[in-house]
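Engineer: My structure is in structure-v4.csv, and what it holds is CSV, C-alpha atoms:
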chain,number,residue,atom,x,y,z
A,979,MET,CA,0.0,0.0,0.0
A,980,LYS,CA,1.3,3.5,-1.0
A,981,ALA,CA,0.7,6.7,1.0
A,982,LEU,CA,1.5,10.4,0.6
A,983,ILE,CA,1.9,12.6,3.7
A,984,LEU,CA,1.7,16.4,3.3
A,985,GLU,CA,3.0,18.5,6.2
A,986,GLY,CA,1.3,21.8,7.0
A,987,GLY,CA,2.8,25.1,7.7
A,988,ALA,CA,0.6,27.7,6.1
A,989,MET,CA,2.6,29.6,3.5
A,990,ARG,CA,5.6,27.3,3.9
A,991,THR,CA,3.6,24.7,2.1
A,992,VAL,CA,4.2,26.6,-1.2
A,993,HIS,CA,7.3,24.3,-1.4
A,994,SER,CA,5.1,21.3,-1.3
A,995,ALA,CA,2.8,22.8,-4.0
A,996,GLY,CA,5.8,23.1,-6.3
A,997,ALA,CA,6.8,19.5,-5.4
A,998,LEU,CA,3.3,18.2,-6.1
A,999,THR,CA,3.3,20.0,-9.5
A,1000,ALA,CA,6.5,18.1,-10.4
A,1001,LEU,CA,5.1,14.8,-9.2
A,1002,SER,CA,2.0,15.3,-11.4
A,1003,GLU,CA,4.0,16.3,-14.4
A,1004,MET,CA,6.3,13.4,-14.1
A,1005,GLY,CA,3.5,10.9,-14.0
A,1006,ILE,CA,3.1,10.4,-10.3
A,1007,LYS,CA,-0.5,11.5,-9.9
A,1008,HIS,CA,-3.0,10.8,-7.1
A,1009,ASP,CA,-3.8,7.3,-8.3
A,1010,HIS,CA,-0.2,6.3,-7.6
A,1011,PHE,CA,-1.2,6.4,-3.9
A,1012,ASP,CA,-3.8,4.4,-2.0
A,1013,LEU,CA,-3.8,6.9,0.9
A,1014,VAL,CA,-3.2,10.7,1.1
A,1015,PHE,CA,-2.9,12.4,4.4
A,1016,GLY,CA,-2.9,16.2,4.8
A,1017,ALA,CA,-2.7,18.3,7.9
A,1018,SER,CA,-3.5,22.0,8.0
A,1019,ALA,CA,-2.4,23.7,4.7
A,1020,GLY,CA,-1.1,20.3,3.6
A,1021,ALA,CA,-4.8,19.2,3.5
A,1022,CYS,CA,-5.5,22.0,1.0
A,1023,ASN,CA,-2.7,21.0,-1.2
A,1024,GLY,CA,-3.8,17.3,-0.8
A,1025,ALA,CA,-7.3,18.1,-2.0
A,1026,TYR,CA,-6.1,19.7,-5.2
A,1027,PHE,CA,-3.7,16.8,-5.8
A,1028,VAL,CA,-6.3,14.1,-5.3
A,1029,ALA,CA,-8.7,16.1,-7.6
A,1030,ASP,CA,-5.9,16.0,-10.2
A,1031,GLN,CA,-5.8,19.8,-10.3
A,1032,SER,CA,-2.2,20.5,-9.5
A,1033,SER,CA,-2.1,22.8,-12.5
A,1034,HIS,CA,-3.9,25.4,-10.3
A,1035,PHE,CA,-1.0,25.6,-7.8
A,1036,TRP,CA,1.2,28.1,-9.5
A,1037,GLU,CA,-1.4,30.8,-10.0
A,1038,MET,CA,-3.1,30.0,-6.7
A,1039,TRP,CA,0.0,30.2,-4.5
A,1040,THR,CA,1.8,33.0,-6.3
A,1041,LYS,CA,-1.2,35.3,-7.1
A,1042,THR,CA,-4.6,34.4,-5.6
A,1043,MET,CA,-3.3,33.9,-2.0
A,1044,LEU,CA,-1.1,37.0,-1.9
A,1045,THR,CA,-3.9,39.3,-0.9
A,1046,PRO,CA,-4.8,41.1,2.3
A,1047,ASP,CA,-8.1,39.3,2.2
A,1048,PHE,CA,-6.1,36.1,3.0
A,1049,ILE,CA,-3.1,37.3,5.0
A,1050,ASN,CA,-3.2,40.5,6.9
A,1051,LEU,CA,-0.5,41.1,9.4
A,1052,ARG,CA,-2.2,44.2,10.7
A,1053,ASN,CA,-4.9,42.0,12.2
A,1054,ALA,CA,-2.3,40.9,14.7
A,1055,PHE,CA,-3.5,43.9,16.7
A,1056,SER,CA,-7.2,43.0,16.2
A,1057,LEU,CA,-9.3,41.1,18.7
A,1058,THR,CA,-11.8,39.9,16.1
A,1059,LYS,CA,-10.0,39.6,12.7
A,1060,PRO,CA,-7.7,36.7,11.8
A,1061,ILE,CA,-4.2,37.1,10.5
A,1062,ILE,CA,-4.9,34.2,8.2
A,1063,ASP,CA,-8.5,34.0,7.0
A,1064,VAL,CA,-9.3,30.3,6.5
A,1065,ASN,CA,-12.7,31.3,5.3
A,1066,PHE,CA,-11.1,32.9,2.3
A,1067,VAL,CA,-9.5,29.6,1.4
A,1068,VAL,CA,-12.7,27.7,1.2
A,1069,GLU,CA,-15.2,30.4,0.2
A,1070,GLU,CA,-13.1,32.2,-2.4
A,1071,ILE,CA,-10.2,30.0,-3.5
A,1072,MET,CA,-11.6,26.5,-3.4
A,1073,SER,CA,-15.2,27.4,-4.2
A,1074,LYS,CA,-14.6,30.2,-6.8
A,1075,HIS,CA,-11.2,31.2,-8.1
A,1076,HIS,CA,-9.8,27.7,-8.3
A,1077,LYS,CA,-12.9,25.6,-7.9
A,1078,ILE,CA,-12.1,22.2,-6.6
A,1079,ASP,CA,-13.6,19.1,-8.2
A,1080,LEU,CA,-15.2,17.5,-5.2
A,1081,ASP,CA,-16.8,14.8,-7.4
A,1082,LYS,CA,-13.4,13.6,-8.5
A,1083,ILE,CA,-12.1,13.5,-4.9
A,1084,ILE,CA,-15.2,11.6,-3.6
A,1085,SER,CA,-15.2,9.1,-6.5
A,1086,SER,CA,-11.4,8.6,-6.4
A,1087,LYS,CA,-10.0,5.2,-5.3
A,1088,THR,CA,-7.4,7.2,-3.4
A,1089,LYS,CA,-8.6,7.7,0.1
A,1090,PHE,CA,-8.0,11.3,1.2
A,1091,TYR,CA,-7.6,11.7,5.0
A,1092,THR,CA,-7.6,15.2,6.7
A,1093,VAL,CA,-6.0,15.5,10.1
A,1094,VAL,CA,-7.9,17.6,12.7
A,1095,THR,CA,-7.5,18.0,16.5
A,1096,ASN,CA,-10.4,17.3,18.8
A,1097,CYS,CA,-10.8,20.3,21.2
A,1098,SER,CA,-12.5,18.3,23.9
A,1099,ASN,CA,-9.7,15.7,24.4
A,1100,GLY,CA,-6.7,17.1,22.5
A,1101,GLN,CA,-6.4,14.0,20.3
A,1102,PRO,CA,-5.9,13.8,16.5
A,1103,GLU,CA,-8.6,12.5,14.3
A,1104,TYR,CA,-8.4,11.4,10.7
A,1105,PHE,CA,-11.4,12.2,8.7
A,1106,LEU,CA,-11.9,10.3,5.4
A,1107,ASN,CA,-12.9,13.4,3.4
A,1108,ASP,CA,-15.4,11.8,1.0
A,1109,LYS,CA,-18.6,13.7,1.6
A,1110,LYS,CA,-19.6,17.0,-0.1
A,1111,GLU,CA,-21.6,18.3,2.8
A,1112,SER,CA,-18.7,18.2,5.3
A,1113,PHE,CA,-15.7,18.6,3.0
A,1114,PHE,CA,-15.0,22.3,3.4
A,1115,ASN,CA,-15.7,22.3,7.2
A,1116,ILE,CA,-13.1,19.5,7.6
A,1117,ILE,CA,-10.5,21.5,5.6
A,1118,LYS,CA,-11.3,24.6,7.7
A,1119,ALA,CA,-10.9,22.7,10.9
A,1120,SER,CA,-7.6,21.2,9.9
A,1121,ALA,CA,-6.2,24.7,9.0
A,1122,SER,CA,-7.6,26.6,12.0
A,1123,ILE,CA,-4.3,27.6,13.4
A,1124,PRO,CA,-4.2,29.1,16.9
A,1125,ILE,CA,-2.9,32.6,17.0
A,1126,LEU,CA,-3.5,33.0,13.2
A,1127,TYR,CA,-7.2,32.1,12.9
A,1128,ASN,CA,-8.2,31.6,16.5
A,1129,LYS,CA,-11.4,29.8,16.0
A,1130,SER,CA,-12.6,26.3,16.3
A,1131,VAL,CA,-14.7,24.7,13.7
A,1132,GLU,CA,-17.8,22.5,14.5
A,1133,ILE,CA,-18.2,19.2,12.8
A,1134,ASN,CA,-21.1,16.9,13.8
A,1135,GLY,CA,-21.5,18.9,17.1
A,1136,GLN,CA,-17.8,18.6,18.0
A,1137,GLU,CA,-15.3,21.4,18.0
A,1138,TYR,CA,-12.0,20.9,16.1
A,1139,MET,CA,-8.8,22.9,15.4
A,1140,ASP,CA,-5.6,22.6,13.5
A,1141,GLY,CA,-4.5,19.1,12.7
A,1142,ALA,CA,-0.8,20.0,13.0
A,1143,ILE,CA,-1.3,20.6,16.8
A,1144,THR,CA,-1.3,16.9,17.4
A,1145,ASP,CA,-0.2,15.0,14.3
A,1146,GLY,CA,1.2,17.2,11.6
A,1147,LEU,CA,3.2,14.3,10.2
A,1148,PRO,CA,0.9,11.2,10.5
A,1149,ILE,CA,3.6,8.7,9.6
A,1150,LYS,CA,2.7,6.3,12.3
A,1151,LYS,CA,-1.0,6.4,11.3
A,1152,ALA,CA,0.0,5.6,7.7
A,1153,ILE,CA,2.1,2.6,8.7
A,1154,GLU,CA,-0.7,1.5,11.1
A,1155,MET,CA,-3.1,1.5,8.1
A,1156,GLY,CA,-0.8,-0.7,6.1
A,1157,ALA,CA,1.4,1.7,4.1
A,1158,THR,CA,4.7,0.1,3.0
A,1159,GLU,CA,5.8,2.8,0.5
A,1160,ILE,CA,5.4,6.4,1.7
A,1161,TYR,CA,6.2,9.8,0.1
A,1162,VAL,CA,6.6,12.5,2.8
A,1163,LEU,CA,6.5,16.2,1.7
A,1164,LEU,CA,8.1,18.3,4.4
A,1165,THR,CA,8.0,22.1,4.6
A,1166,ARG,CA,10.9,22.4,7.1
A,1167,HIS,CA,14.5,22.2,5.8
A,1168,GLU,CA,16.9,19.3,6.3
A,1169,GLY,CA,18.2,19.1,9.8
A,1170,TYR,CA,15.3,21.0,11.4
A,1171,LYS,CA,14.3,20.1,14.9
A,1172,LYS,CA,11.3,21.6,16.6
A,1173,THR,CA,11.6,23.4,19.9
A,1174,LYS,CA,9.1,25.0,22.2
A,1175,THR,CA,8.8,28.7,21.2
A,1176,LEU,CA,7.2,31.9,22.5
A,1177,THR,CA,4.6,31.4,19.7
A,1178,ASP,CA,3.7,28.1,21.3
A,1179,THR,CA,3.3,29.7,24.7
A,1180,ILE,CA,1.1,32.5,23.2
A,1181,SER,CA,-1.0,30.0,21.2
A,1182,ALA,CA,-1.5,27.8,24.3
A,1183,ASN,CA,-2.6,30.8,26.3
A,1184,ILE,CA,-5.1,31.7,23.6
A,1185,CYS,CA,-6.5,28.2,23.7
A,1186,ARG,CA,-6.7,28.0,27.6
A,1187,LYS,CA,-10.4,27.3,27.5
A,1188,TYR,CA,-9.5,24.0,25.9
A,1189,PRO,CA,-7.0,22.5,28.4
A,1190,PHE,CA,-6.2,19.5,26.3
A,1191,ILE,CA,-5.4,21.7,23.3
A,1192,LYS,CA,-3.3,23.9,25.5
A,1193,GLN,CA,-1.2,21.0,26.7
A,1194,ALA,CA,-0.9,19.5,23.2
A,1195,ILE,CA,0.5,22.8,21.8
A,1196,LEU,CA,3.1,23.0,24.6
A,1197,GLU,CA,4.2,19.4,23.9
A,1198,ARG,CA,3.8,19.2,20.1
A,1199,TYR,CA,7.6,19.7,19.6
A,1200,ILE,CA,8.1,16.3,21.2
A,1201,ASP,CA,5.6,14.5,19.0
A,1202,TYR,CA,6.9,16.3,15.9
A,1203,ASN,CA,10.5,15.3,16.6
A,1204,GLN,CA,9.4,11.7,17.3
A,1205,SER,CA,7.6,11.6,13.9
A,1206,MET,CA,10.7,12.9,12.2
A,1207,GLU,CA,12.8,10.2,13.9
A,1208,THR,CA,10.4,7.6,12.4
A,1209,ILE,CA,10.5,9.2,9.0
A,1210,GLU,CA,14.3,9.5,8.8
A,1211,ASN,CA,15.3,6.2,10.5
A,1212,ASN,CA,12.5,3.7,9.8
A,1213,LYS,CA,14.0,0.6,8.2
A,1214,ASP,CA,10.8,-1.4,7.6
A,1215,VAL,CA,9.0,1.0,5.3
A,1216,ASN,CA,10.2,2.5,2.0
A,1217,ILE,CA,10.1,6.3,2.7
A,1218,THR,CA,10.8,9.0,0.1
A,1219,ILE,CA,11.4,12.5,1.6
A,1220,ILE,CA,11.0,15.7,-0.4
A,1221,ARG,CA,11.9,18.8,1.5
A,1222,PRO,CA,13.9,22.1,1.3
A,1223,LYS,CA,17.6,21.6,1.6
A,1224,TYR,CA,17.9,24.9,3.5
A,1225,ASN,CA,15.8,27.5,5.1
A,1226,LEU,CA,13.9,29.3,2.3
A,1227,GLY,CA,13.0,32.3,4.5
A,1228,VAL,CA,9.3,31.6,4.1
A,1229,THR,CA,7.3,31.6,7.4
A,1230,ARG,CA,3.6,30.8,7.9
A,1231,VAL,CA,2.6,34.3,7.1
A,1232,THR,CA,5.1,35.3,4.3
A,1233,ASN,CA,3.3,37.2,1.5
A,1234,ASP,CA,6.3,38.5,-0.4
A,1235,PRO,CA,5.8,37.4,-4.1
A,1236,LYS,CA,9.5,36.9,-4.8
A,1237,LYS,CA,10.0,34.6,-1.8
A,1238,ILE,CA,6.8,32.7,-2.6
A,1239,LYS,CA,7.7,32.2,-6.2
A,1240,ASN,CA,11.2,31.1,-5.3
A,1241,ALA,CA,10.0,28.6,-2.8
A,1242,PHE,CA,7.5,27.1,-5.3
A,1243,LEU,CA,10.3,26.7,-7.9
A,1244,VAL,CA,12.7,25.3,-5.3
A,1245,GLY,CA,10.0,22.8,-4.3
A,1246,TYR,CA,9.6,21.8,-8.0
A,1247,LYS,CA,13.3,21.4,-8.5
A,1248,ASP,CA,13.8,19.5,-5.2
A,1249,ALA,CA,11.1,17.0,-6.2
A,1250,VAL,CA,12.5,16.5,-9.7
A,1251,GLU,CA,15.9,15.8,-8.2
A,1252,VAL,CA,14.5,13.2,-5.9
A,1253,LEU,CA,12.5,11.6,-8.6
A,1254,LYS,CA,15.4,11.5,-11.0
A,1255,LYS,CA,17.3,9.5,-8.4
A,1256,LYS,CA,14.4,7.0,-8.4
A,1257,ASN,CA,14.9,6.7,-12.2
A,1258,ILE,CA,11.6,8.5,-13.0
A,1259,SER,CA,11.9,10.0,-16.5
A,1260,PHE,CA,12.9,13.7,-16.6
A,1261,GLU,CA,11.8,13.7,-20.3
A,1262,ASN,CA,8.1,13.9,-19.3
A,1263,LEU,CA,8.5,17.5,-18.2
A,1264,PRO,CA,7.1,20.2,-20.5
A,1265,THR,CA,9.8,22.2,-22.3
A,1266,GLU,CA,9.2,25.4,-20.3
A,1267,LEU,CA,9.6,23.7,-17.0
A,1268,LYS,CA,12.7,21.8,-18.2
A,1269,ILE,CA,14.3,25.1,-18.9
A,1270,ASN,CA,13.4,26.5,-15.4
A,1271,ASN,CA,14.7,23.3,-13.8
A,1272,LYS,CA,18.1,23.6,-15.5
A,1273,LYS,CA,18.6,27.2,-14.4
Could you express the structure from this file as C-alpha cells?
Structural biologist:
Amino acid sequence: MKALILEGGAMRTVHSAGALTALSEMGIKHDHFDLVFGASAGACNGAYFVADQSSHFWEMWTKTMLTPDFINLRNAFSLTKPIIDVNFVVEEIMSKHHKIDLDKIISSKTKFYTVVTNCSNGQPEYFLNDKKESFFNIIKASASIPILYNKSVEINGQEYMDGAITDGLPIKKAIEMGATEIYVLLTRHEGYKKTKTLTDTISANICRKYPFIKQAILERYIDYNQSMETIENNKDVNITIIRPKYNLGVTRVTNDPKKIKNAFLVGYKDAVEVLKKKNISFENLPTELKINNKK
C-alpha cells in the first residue's frame, strides 16, 4: 500500500505545492497512492492533488493567495479579525477562483484523510474526506491555526482545530493502516528540529479554554521530533522524503511574491531531483519547466 503525507505550515507549504506539481507532471498522480494524508495547509494541497488539479498551484500560490483578504499582518492587533483567514481559502479560492472538483475526490480510489484535532480531548482524528456536505468544514478545521485564525470549527456537534497541533506528520498512522511505501513532503529544511517557542506559549494561552489543546500545543515539539525520527530512520518502510535543503526564508505568514515564487520553484526542483534518483523520467517534463529546472 502506498501513501502520501503532506505537512502543513501555512505559506511554507508553497514548497510542497511546487513539489506536487513536479510529481504530477512526471506521471506520479493521485492514483499512484492508496492513501493521502494532509494536515492544515497540507490538506488544502492534498485536496487539489487528489482532484488532479495540480495545474492550479502556480497561480493559486503566487497570485490568488497573496492578498490582504487572506493574509493581513495588521490583524495581529485586532481582537476579532484573523491574521490568516481560513474562510477565504474555502469560500473564495476552493469554491470560486480555483474551484475544486469534489466529485473527482469523492469518487477517487485514493482515500484522502484530513487530520484535525479534537478540542475536547486534544487528540488527533483522521477524517476520510469523502462527503460534499462536510468537505470544506473539515478542511477549515484542519487549517484553524491558533494565533493566526483563533477559531474552532464545528463538525457533527464537536469542535476541532488545526490538525498539526497533534499530528502534523501522520507517519505512524499511515504505517498502522498498512502503508509500506510512503512519500513525505516536508516544509521544514533538512536538519530542522522543533523546539518550544514563544509562539507556542502564546498559542497555548489563547487556547486556555481548551485545556487538552493547550497541553498539546506545549508538547507538540516532542511529537513532531518523534515523527521525524520515524521518517528518517525507519528501516521497515520505503520512505521517500521531499523537503527544502535549506531554510527558504518563508514563514507561515510570508506574503512576499518573490519569496513565494522562489519557494515554489525550489520545491519543484527538489522534487525533480529526488524523482530522477528514483529513475523516473525527466523527459516527461514540459519544455518550459525543463528550462526552469536547468537554471
Engineer: Identify the residues within 10 Å of coordinate (-3.7, 26.8, 24.6) (same frame as the file), considering all atoms listed in the file, and give the answer as a ChimeraX atom specification.
Structural biologist: /A:1124-1125,1178-1196
Engineer: When you look at Val1244 of chain A with a cut-off of 12 Å (counting all atoms listed in the file), what residues show up, excluding the ones that are within fewer than 3 positions of it in the same chain? I need them as a CSV table (one decimal) with C-alpha atoms, keeping the file's coordinate frame.
Structural biologist:
chain,number,residue,atom,x,y,z
A,990,ARG,CA,5.6,27.3,3.9
A,991,THR,CA,3.6,24.7,2.1
A,992,VAL,CA,4.2,26.6,-1.2
A,993,HIS,CA,7.3,24.3,-1.4
A,994,SER,CA,5.1,21.3,-1.3
A,995,ALA,CA,2.8,22.8,-4.0
A,996,GLY,CA,5.8,23.1,-6.3
A,997,ALA,CA,6.8,19.5,-5.4
A,998,LEU,CA,3.3,18.2,-6.1
A,999,THR,CA,3.3,20.0,-9.5
A,1000,ALA,CA,6.5,18.1,-10.4
A,1165,THR,CA,8.0,22.1,4.6
A,1167,HIS,CA,14.5,22.2,5.8
A,1220,ILE,CA,11.0,15.7,-0.4
A,1221,ARG,CA,11.9,18.8,1.5
A,1222,PRO,CA,13.9,22.1,1.3
A,1223,LYS,CA,17.6,21.6,1.6
A,1224,TYR,CA,17.9,24.9,3.5
A,1225,ASN,CA,15.8,27.5,5.1
A,1226,LEU,CA,13.9,29.3,2.3
A,1228,VAL,CA,9.3,31.6,4.1
A,1237,LYS,CA,10.0,34.6,-1.8
A,1238,ILE,CA,6.8,32.7,-2.6
A,1239,LYS,CA,7.7,32.2,-6.2
A,1240,ASN,CA,11.2,31.1,-5.3
A,1241,ALA,CA,10.0,28.6,-2.8
A,1247,LYS,CA,13.3,21.4,-8.5
A,1248,ASP,CA,13.8,19.5,-5.2
A,1249,ALA,CA,11.1,17.0,-6.2
A,1250,VAL,CA,12.5,16.5,-9.7
A,1251,GLU,CA,15.9,15.8,-8.2
A,1270,ASN,CA,13.4,26.5,-15.4
A,1271,ASN,CA,14.7,23.3,-13.8
A,1272,LYS,CA,18.1,23.6,-15.5
A,1273,LYS,CA,18.6,27.2,-14.4
Engineer: Have a look at atom CA of Gly1020 of chain A and atom CA of Thr1158 of chain A and let me know their distance in Å, one decimal.
Structural biologist: 21.0 Å
Engineer: Residues around (2.7, 26.0, 8.5), cut-off 6 Å, counting only C-alpha atoms - what are they as a VMD selection string?
Structural biologist: chain A and resid 986 to 988 990 1230
Engineer: Choose the residue, out of A:Gly1016, A:Lys1110, A:Gly1005, A:Leu1126, that has the smallest atom-to-atom separation from Phe1048 of chain A; count all atoms listed in the file.
Structural biologist: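 Smallest separation from Phe1048 of chain A among the options: A:Leu1126.
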Engineer: For atom CA of Lys1089 of chain A and atom CA of Met979 of chain A, determine how far apart the two atoms are, in Å to one decimal place.
Structural biologist: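 These atoms are spaced 11.5 Å apart.
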